[in-house]
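First the structure, in the form of structure tokens, and then the observations on it.
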Amino acid sequence: MKKYFVAALLAVLSIAAVEAQEKSALPVWTFDAKAGFNFGGTSPLPIPAEIREIRSFDPGMQLTLALNATRWFTAKWGLGAGVKFENKGMETDARVKNYYMEVVDGDAKMSGNWTGLDYTSCQQQFFTVPIVSRWRVGSRFDFNAGIQLSLQIKGDFSGYVSEGYLREGDPTGNKIVFAGNSTATYSFGEHLNKFMFGLQGGLNYRIWRGFGVFGDLSWGLRDAFEKDFDTVAFAMYPIYFNLGVSYAL
Amino acid sequence: MNVKSFIVSLSCAMLVGCIAEEAQNTECDIVEVTFPQGVKPDAINYFAPIDTTLNAYPLKIVVPNGWDLKTLVIVYKVTHGAVMTWEGSGPENLVDYNDTIFATVTSQDRNWQKRYAIMVSHPSKRSLPPMLSFEDCSIIPSGNNLYQQFYENVEGERMDIWASGNAGFAMTGQGKTLDSYPTYQSEEGEGINGSRCAVLQTCSTGGFGKMGKKPMAAGNMFLGVFDVTQAMNDALLTTHFGITTYQKPKTVKGWFKYKPGETFFRNDNGNLVEVPGRVDSCTVHCVFFKTDDELKYLDGHQAGDGYVDSHVVAHGMFGTADTVEEWTEFSFDLDYESYGAEINAIDLKNGIYKMALVFSSSKYGDIYEGALNRGVNDKGKETFLPGSTFMVDDVEVIFNEQ
């Protein structure tokens, strides 16, 4: 993970350094504001065999607001950084088979293999700092690629299981049936990593004057959960597509 | 289609494309046994806890009297893809079905195995021992914890006739020691005449119980079978009351001590709500009922209705809300008259009738109402301690001569 991070940072810096040698008559500093929504999910990659069906998936309305500054070293190349307030979240309803789960209450713990429905809601708020290399193509397009560092302000990861059964401990354990209204809830928000990092890439299209639309993909490179938290058996990565409008200040 | 629903459908489609191939089954259960000859056996508990003395999961099949066990055909159905292998010669060469035969079921992915001890028999011909004294119990492992289950020892032969909700309580993680379960055996000397006795206590079920909307468990003990599979679901289905009886029960007698818990609580959707001034009471019920092809046992639903069911032919009970600190005798007769049912002597002889004997430390334990004590745990945090405590010893069922 650390390797990718360093490689991405080096790539950004080296492009900036090379391009810095070209001359430009356009403004050296530009600023822009962006507002939009994040669409995506915090998901294991690849989706494990335990997940048999995604019955519903709702990305919700995840507002993002950002301010960016760019230092242009040539007419076409610049190095940008900013601050972004963003929400990342989703709700999924999946059918799982033999999915290892733990429900913890104080020092009591119920664990085993769950087969049935699993409803998960993930809702996080971050302050994110993107550091990107920007590349202008023509008079309307500009592309960016780089890294982003995020600090979680608020985080919730919770859900419940229903309509199925738990094999307590392992597949030979007690079979505990959940039917009708009986559910078991879980809440793992306190085990979410507070600091996240990942890659970012996307483009901005200027429509009229300073107004434009943008789309940025952010790909988390760190497991959403703390290293010593084993309850969620798979590493979960936040992968979100940020869509919205931009304005060049 | 608006933008959001387009994105939702697109992301769903992408996710569906990512679903991996289904893994092979890991379970290895005998899920059903069927009888092509049309035999209607007693309800079978497919998920009985492991019997550590047999080192196997017991599967008891009780076939009505009159069927010849030697010509009985039994078809075993296992988890899809699993394989069942018999130990030794298997059932074909079995002469005496009262023997235990062993089989191992291996999961489809070949990583998991369950060894079964299969016992096929007619209903026990043994009468209840003259005195139910709670001197013997087995220890059953559940996760990292252990709980006790009473059995009766009659001339060296073990009769597994007692059941309790301990297996359900074990799931809550609240049972750290044997005596923190709702049903346990006392130390020597605490029973009548210096022996051991049964202790039933009403316990909080902690966070999991709250989650399952079952915030407490009354101490309970009954003649029958406990089916843990329904514990988080409809818990009233977990208690299968009744064992085959060849005589008409007339009177139930025994010795008890009782102390109602300090604070009475009712259940509000999993939360315990204090009911000031209300006092808990203990109960003993004895129910005599007739089985048929459809009804092989009574469950918590009929108990909650005061054992009003067309199958019931007699009922009697004892209960008190008084604090009784010295060993005191209780005694009650069964009421046959109110039910007005004719007892068929031939059916009685053929083992069609069953009797249930049900003890509870809280009368309304079936709807999660009862009394607990408040206290502090070893970390100094406020918590619920076991409340109403019902100690029972030397119970006798007196039968009519038939």
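We name chains A, B, ... following the order of the structure tokens; residues begin at 1 in each chain, and ligands are numbered from 1 as shown.
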Residues of chain B near chain A: apply a cut-off of 9 Å, count only C-alpha atoms, and supply the list as a PyMOL selection string.
-> chain B and resi 4+7-9+11-12+15-16+18-23+25-29+47-49+112-114+142-143+171-174+206-208+211-213+228-234
Counting only C-alpha atoms, what is within 9 Å of Arg134 of chain A, bar same-chain residues fewer than 4 positions away, as a PDB file with all heavy atoms, in the first residue's frame?
```pdb
ATOM      1  N   ALA A  16       5.377  17.620 -12.643  1.00  0.00           N
ATOM      2  CA  ALA A  16       5.360  19.047 -12.332  1.00  0.00           C
ATOM      3  C   ALA A  16       6.730  19.669 -12.586  1.00  0.00           C
ATOM      4  O   ALA A  16       6.832  20.758 -13.164  1.00  0.00           O
ATOM      5  CB  ALA A  16       4.945  19.240 -10.880  1.00  0.00           C
ATOM      6  N   THR A  70      -4.238  26.086  -8.022  1.00  0.00           N
ATOM      7  CA  THR A  70      -3.299  25.422  -8.930  1.00  0.00           C
ATOM      8  C   THR A  70      -2.177  26.391  -9.291  1.00  0.00           C
ATOM      9  O   THR A  70      -2.438  27.558  -9.601  1.00  0.00           O
ATOM     10  CB  THR A  70      -4.018  24.977 -10.209  1.00  0.00           C
ATOM     11  OG1 THR A  70      -5.156  24.205  -9.848  1.00  0.00           O
ATOM     12  CG2 THR A  70      -3.111  24.152 -11.102  1.00  0.00           C
ATOM     13  N   TRP A  72       0.356  26.987 -12.097  1.00  0.00           N
ATOM     14  CA  TRP A  72       0.638  26.527 -13.461  1.00  0.00           C
ATOM     15  C   TRP A  72       2.092  26.812 -13.776  1.00  0.00           C
ATOM     16  O   TRP A  72       2.559  27.949 -13.669  1.00  0.00           O
ATOM     17  CB  TRP A  72      -0.289  27.223 -14.468  1.00  0.00           C
ATOM     18  CG  TRP A  72      -1.722  26.814 -14.241  1.00  0.00           C
ATOM     19  CD1 TRP A  72      -2.657  27.497 -13.530  1.00  0.00           C
ATOM     20  CD2 TRP A  72      -2.338  25.622 -14.707  1.00  0.00           C
ATOM     21  NE1 TRP A  72      -3.837  26.794 -13.503  1.00  0.00           N
ATOM     22  CE2 TRP A  72      -3.675  25.632 -14.229  1.00  0.00           C
ATOM     23  CE3 TRP A  72      -1.904  24.531 -15.482  1.00  0.00           C
ATOM     24  CZ2 TRP A  72      -4.571  24.608 -14.489  1.00  0.00           C
ATOM     25  CZ3 TRP A  72      -2.801  23.517 -15.748  1.00  0.00           C
ATOM     26  CH2 TRP A  72      -4.128  23.546 -15.244  1.00  0.00           C
ATOM     27  N   LYS A  76       0.105  24.430 -20.071  1.00  0.00           N
ATOM     28  CA  LYS A  76      -0.642  23.184 -20.034  1.00  0.00           C
ATOM     29  C   LYS A  76      -0.519  22.406 -18.728  1.00  0.00           C
ATOM     30  O   LYS A  76      -1.381  21.574 -18.425  1.00  0.00           O
ATOM     31  CB  LYS A  76      -0.197  22.283 -21.194  1.00  0.00           C
ATOM     32  CG  LYS A  76      -0.736  22.776 -22.526  1.00  0.00           C
ATOM     33  CD  LYS A  76      -0.380  21.835 -23.617  1.00  0.00           C
ATOM     34  CE  LYS A  76      -1.048  22.258 -24.910  1.00  0.00           C
ATOM     35  NZ  LYS A  76      -0.488  21.541 -26.056  1.00  0.00           N
ATOM     36  N   TRP A  77       0.529  22.594 -17.974  1.00  0.00           N
ATOM     37  CA  TRP A  77       0.774  21.762 -16.800  1.00  0.00           C
ATOM     38  C   TRP A  77       0.801  22.563 -15.518  1.00  0.00           C
ATOM     39  O   TRP A  77       1.413  23.627 -15.463  1.00  0.00           O
ATOM     40  CB  TRP A  77       2.113  21.014 -16.931  1.00  0.00           C
ATOM     41  CG  TRP A  77       2.070  19.946 -17.962  1.00  0.00           C
ATOM     42  CD1 TRP A  77       2.525  20.046 -19.238  1.00  0.00           C
ATOM     43  CD2 TRP A  77       1.531  18.645 -17.803  1.00  0.00           C
ATOM     44  NE1 TRP A  77       2.314  18.880 -19.913  1.00  0.00           N
ATOM     45  CE2 TRP A  77       1.695  17.983 -19.052  1.00  0.00           C
ATOM     46  CE3 TRP A  77       0.921  17.959 -16.757  1.00  0.00           C
ATOM     47  CZ2 TRP A  77       1.274  16.682 -19.253  1.00  0.00           C
ATOM     48  CZ3 TRP A  77       0.515  16.670 -16.954  1.00  0.00           C
ATOM     49  CH2 TRP A  77       0.682  16.042 -18.201  1.00  0.00           C
ATOM     50  N   GLY A  78       0.151  22.044 -14.543  1.00  0.00           N
ATOM     51  CA  GLY A  78       0.187  22.688 -13.248  1.00  0.00           C
ATOM     52  C   GLY A  78       0.099  21.675 -12.115  1.00  0.00           C
ATOM     53  O   GLY A  78      -0.159  20.486 -12.350  1.00  0.00           O
ATOM     54  N   LEU A  79       0.330  22.178 -10.915  1.00  0.00           N
ATOM     55  CA  LEU A  79       0.249  21.322  -9.730  1.00  0.00           C
ATOM     56  C   LEU A  79      -0.826  21.928  -8.826  1.00  0.00           C
ATOM     57  O   LEU A  79      -0.762  23.115  -8.501  1.00  0.00           O
ATOM     58  CB  LEU A  79       1.606  21.302  -9.025  1.00  0.00           C
ATOM     59  CG  LEU A  79       1.801  20.277  -7.926  1.00  0.00           C
ATOM     60  CD1 LEU A  79       1.656  18.863  -8.445  1.00  0.00           C
ATOM     61  CD2 LEU A  79       3.176  20.460  -7.295  1.00  0.00           C
ATOM     62  N   GLY A  80      -1.820  21.104  -8.490  1.00  0.00           N
ATOM     63  CA  GLY A  80      -2.944  21.621  -7.717  1.00  0.00           C
ATOM     64  C   GLY A  80      -3.069  20.954  -6.358  1.00  0.00           C
ATOM     65  O   GLY A  80      -2.644  19.819  -6.167  1.00  0.00           O
ATOM     66  N   ASP A 142      -9.730  20.014 -18.797  1.00  0.00           N
ATOM     67  CA  ASP A 142      -8.476  19.756 -18.086  1.00  0.00           C
ATOM     68  C   ASP A 142      -8.597  18.504 -17.247  1.00  0.00           C
ATOM     69  O   ASP A 142      -9.643  18.204 -16.682  1.00  0.00           O
ATOM     70  CB  ASP A 142      -7.993  21.007 -17.330  1.00  0.00           C
ATOM     71  CG  ASP A 142      -8.491  21.156 -15.941  1.00  0.00           C
ATOM     72  OD1 ASP A 142      -8.037  20.377 -15.086  1.00  0.00           O
ATOM     73  OD2 ASP A 142      -9.344  22.060 -15.719  1.00  0.00           O
ATOM     74  N   PHE A 143      -7.521  17.740 -17.280  1.00  0.00           N
ATOM     75  CA  PHE A 143      -7.474  16.453 -16.605  1.00  0.00           C
ATOM     76  C   PHE A 143      -6.650  16.571 -15.336  1.00  0.00           C
ATOM     77  O   PHE A 143      -5.768  17.427 -15.263  1.00  0.00           O
ATOM     78  CB  PHE A 143      -6.832  15.396 -17.509  1.00  0.00           C
ATOM     79  CG  PHE A 143      -7.675  15.062 -18.713  1.00  0.00           C
ATOM     80  CD1 PHE A 143      -7.592  15.820 -19.877  1.00  0.00           C
ATOM     81  CD2 PHE A 143      -8.568  13.999 -18.667  1.00  0.00           C
ATOM     82  CE1 PHE A 143      -8.365  15.528 -20.968  1.00  0.00           C
ATOM     83  CE2 PHE A 143      -9.351  13.697 -19.764  1.00  0.00           C
ATOM     84  CZ  PHE A 143      -9.252  14.460 -20.922  1.00  0.00           C
ATOM     85  N   ASN A 144      -6.948  15.737 -14.379  1.00  0.00           N
ATOM     86  CA  ASN A 144      -6.099  15.712 -13.177  1.00  0.00           C
ATOM     87  C   ASN A 144      -5.847  14.278 -12.744  1.00  0.00           C
ATOM     88  O   ASN A 144      -6.668  13.384 -12.983  1.00  0.00           O
ATOM     89  CB  ASN A 144      -6.745  16.530 -12.054  1.00  0.00           C
ATOM     90  CG  ASN A 144      -7.903  15.811 -11.404  1.00  0.00           C
ATOM     91  OD1 ASN A 144      -7.695  14.917 -10.583  1.00  0.00           O
ATOM     92  ND2 ASN A 144      -9.129  16.175 -11.792  1.00  0.00           N
ATOM     93  N   ALA A 145      -4.702  14.085 -12.116  1.00  0.00           N
ATOM     94  CA  ALA A 145      -4.366  12.779 -11.542  1.00  0.00           C
ATOM     95  C   ALA A 145      -3.449  13.018 -10.365  1.00  0.00           C
ATOM     96  O   ALA A 145      -2.574  13.885 -10.439  1.00  0.00           O
ATOM     97  CB  ALA A 145      -3.683  11.900 -12.578  1.00  0.00           C
ATOM     98  N   GLY A 146      -3.679  12.266  -9.304  1.00  0.00           N
ATOM     99  CA  GLY A 146      -2.833  12.461  -8.137  1.00  0.00           C
ATOM    100  C   GLY A 146      -3.276  11.619  -6.965  1.00  0.00           C
ATOM    101  O   GLY A 146      -3.840  10.533  -7.152  1.00  0.00           O
TER     102      GLY A 146
END
```
From segment 144-386 of chain B, collect each residue whose DSSP state is alpha helix (DSSP H) and return the set as a PyMOL selection string.
-> chain B and resi 166-170+206-211+300-304+345-349
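Atom CA of Lys248 of chain B to atom CA of Gly319 of chain B spans 22.2 Å [interatomic distance, one decimal].
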Close residues, Ala117 of chain B itself excluded, 10 Å, only C-alpha atoms, min 4 positions apart in chain, as a count of residues only = 15
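Between atom CA of Thr239 of chain B and atom CA of Glu329 of chain B there is a distance of 26.6 Å.
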Do you know which residues are at most 9 Å from segment 195-205 of chain A counting only C-alpha atoms, after dropping those on the same chain fewer than 2 positions away, and could you put them as an MDAnalysis selection string?
-> chainID A and resid 4:5 8 128 130:132 140:152 192:193 207 211:224 238 242 245:246
Taking only C-alpha atoms into account, produce a table as a Markdown table in which each residue of segment 159-237 of chain B with an atom at most 6 Å from an atom of segment 262-276 of chain B appears once, together with its shortest atom pair and the distance in Å to one decimal, ordered by chain and rising number.
```
| residue | atom | partner | partner_atom | distance |
| --- | --- | --- | --- | --- |
| B:Lys210 | CA | B:Gly270 | CA | 4.4 |
| B:Lys213 | CA | B:Gly270 | CA | 3.6 |
| B:Lys214 | CA | B:Gly270 | CA | 5.6 |
| B:Pro215 | CA | B:Gly270 | CA | 5.3 |
```
So which residues touch Gly159 of chain A within 8 Å, counting only C-alpha atoms, skipping near sequence neighbours fewer than 6 positions away, as a PyMOL selection string?
-> chain A and resi 118-121+185-187
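The gap separating atom CA of Asn65 of chain B from atom CA of Asn350 of chain B is 6.0 Å, in Å to one decimal.
Close contacts of Tyr364 of chain B, defined as residues with an atom at most 12 Å away when counting only C-alpha atoms, with chain neighbours fewer than 6 positions off set aside, comprise B:Thr202, B:Met216, B:Ala217, B:Ala218, B:Gly219, B:Asn220, B:Phe264, B:Phe265, B:Arg266, B:Asn267, B:Val279, B:Asp280, B:Ser281, B:Cys282, B:Thr283, B:Gly300, B:Ala303, B:Gly304, B:Asp305, B:Gly306, B:Gly319, B:Gly370, B:Ala371, B:Ser388.
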Fewer than 6 positions away in the same chain doesn't count, so skip those; otherwise give me all residues within 8 Å of segment 182-188 of chain B, counting only C-alpha atoms, as a VMD selection string.
-> chain B and resid 134 to 135 137 147 to 150 164 to 166 169 194 to 203 217 to 221
Export N, CA, C and O atoms of the chosen residues as a tab-separated table (two decimals), in the first residue's frame?
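Below you can see selection-v3.tsv, which holds the result:
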```tsv
chain	number	residue	atom	x	y	z
B	134	PHE	N	-32.38	-34.58	40.99
B	134	PHE	CA	-31.43	-33.58	40.46
B	134	PHE	C	-30.00	-33.76	40.96
B	134	PHE	O	-29.27	-32.79	41.16
B	135	GLU	N	-29.64	-35.03	41.15
B	135	GLU	CA	-28.28	-35.31	41.62
B	135	GLU	C	-27.30	-35.42	40.46
B	135	GLU	O	-26.10	-35.37	40.65
B	137	CYS	N	-26.01	-34.35	36.47
B	137	CYS	CA	-26.13	-33.48	35.31
B	137	CYS	C	-24.89	-33.61	34.44
B	137	CYS	O	-23.83	-34.00	34.91
B	147	TYR	N	-22.39	-25.21	30.17
B	147	TYR	CA	-23.59	-25.18	31.00
B	147	TYR	C	-23.99	-26.60	31.37
B	147	TYR	O	-23.45	-27.57	30.84
B	148	GLN	N	-24.93	-26.68	32.35
B	148	GLN	CA	-25.33	-27.99	32.87
B	148	GLN	C	-26.69	-28.41	32.34
B	148	GLN	O	-27.53	-27.56	32.05
B	149	GLN	N	-26.85	-29.71	32.21
B	149	GLN	CA	-28.16	-30.26	31.84
B	149	GLN	C	-28.45	-31.46	32.73
B	149	GLN	O	-27.65	-32.39	32.79
B	150	PHE	N	-29.59	-31.43	33.39
B	150	PHE	CA	-29.93	-32.52	34.30
B	150	PHE	C	-30.30	-33.78	33.54
B	150	PHE	O	-30.84	-33.72	32.45
B	164	SER	N	-33.78	-27.61	29.35
B	164	SER	CA	-33.90	-26.23	29.84
B	164	SER	C	-33.47	-25.30	28.72
B	164	SER	O	-32.95	-25.73	27.70
B	165	GLY	N	-33.68	-24.02	28.92
B	165	GLY	CA	-33.31	-23.02	27.92
B	165	GLY	C	-31.84	-22.61	27.97
B	165	GLY	O	-31.45	-21.64	27.32
B	166	ASN	N	-31.02	-23.36	28.73
B	166	ASN	CA	-29.61	-22.97	28.86
B	166	ASN	C	-28.89	-22.82	27.52
B	166	ASN	O	-28.05	-21.94	27.36
B	169	PHE	N	-29.58	-19.44	26.31
B	169	PHE	CA	-28.90	-18.43	27.12
B	169	PHE	C	-27.41	-18.39	26.80
B	169	PHE	O	-26.79	-17.33	26.81
B	194	GLY	N	-29.06	-32.38	52.61
B	194	GLY	CA	-27.63	-32.31	52.31
B	194	GLY	C	-27.24	-32.75	50.92
B	194	GLY	O	-26.05	-32.92	50.62
B	195	SER	N	-28.21	-32.97	50.05
B	195	SER	CA	-27.89	-33.42	48.69
B	195	SER	C	-27.71	-32.19	47.79
B	195	SER	O	-27.50	-31.08	48.24
B	196	ARG	N	-27.82	-32.41	46.49
B	196	ARG	CA	-27.83	-31.30	45.53
B	196	ARG	C	-29.27	-31.08	45.07
B	196	ARG	O	-30.10	-31.97	45.18
B	197	CYS	N	-29.53	-29.89	44.52
B	197	CYS	CA	-30.86	-29.61	44.02
B	197	CYS	C	-30.76	-28.81	42.73
B	197	CYS	O	-29.68	-28.42	42.31
B	198	ALA	N	-31.91	-28.57	42.09
B	198	ALA	CA	-31.94	-27.72	40.90
B	198	ALA	C	-32.17	-26.28	41.32
B	198	ALA	O	-32.99	-26.02	42.21
B	199	VAL	N	-31.42	-25.36	40.71
B	199	VAL	CA	-31.61	-23.94	40.99
B	199	VAL	C	-32.06	-23.26	39.70
B	199	VAL	O	-31.39	-23.37	38.67
B	200	LEU	N	-33.20	-22.59	39.75
B	200	LEU	CA	-33.71	-21.84	38.61
B	200	LEU	C	-33.68	-20.37	38.98
B	200	LEU	O	-34.19	-19.99	40.04
B	201	GLN	N	-33.05	-19.55	38.15
B	201	GLN	CA	-32.98	-18.13	38.48
B	201	GLN	C	-33.25	-17.29	37.24
B	201	GLN	O	-32.86	-17.63	36.13
B	202	THR	N	-33.93	-16.17	37.46
B	202	THR	CA	-34.28	-15.27	36.36
B	202	THR	C	-33.09	-14.35	36.10
B	202	THR	O	-32.62	-13.69	37.01
B	203	CYS	N	-32.59	-14.38	34.85
B	203	CYS	CA	-31.36	-13.66	34.51
B	203	CYS	C	-31.60	-12.66	33.39
B	203	CYS	O	-32.43	-12.88	32.51
B	217	ALA	N	-34.26	-14.09	30.83
B	217	ALA	CA	-34.56	-15.52	30.73
B	217	ALA	C	-34.92	-16.01	32.11
B	217	ALA	O	-34.12	-15.88	33.05
B	218	ALA	N	-36.12	-16.53	32.26
B	218	ALA	CA	-36.52	-17.11	33.54
B	218	ALA	C	-35.81	-18.46	33.69
B	218	ALA	O	-35.61	-19.16	32.70
B	219	GLY	N	-35.44	-18.80	34.91
B	219	GLY	CA	-34.91	-20.14	35.16
B	219	GLY	C	-36.00	-21.14	34.82
B	219	GLY	O	-37.16	-20.95	35.20
B	220	ASN	N	-35.67	-22.16	34.06
B	220	ASN	CA	-36.71	-23.07	33.60
B	220	ASN	C	-36.17	-24.47	33.46
B	220	ASN	O	-34.98	-24.67	33.21
B	221	MET	N	-37.04	-25.42	33.61
B	221	MET	CA	-36.64	-26.82	33.55
B	221	MET	C	-37.90	-27.60	33.23
B	221	MET	O	-38.96	-27.31	33.79
```
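Restricting the calculation to only C-alpha atoms, the smallest distance between Trp135 of chain A and any of A:Trp208, A:Phe234, A:Phe31, A:Phe73 is found for A:Phe73.
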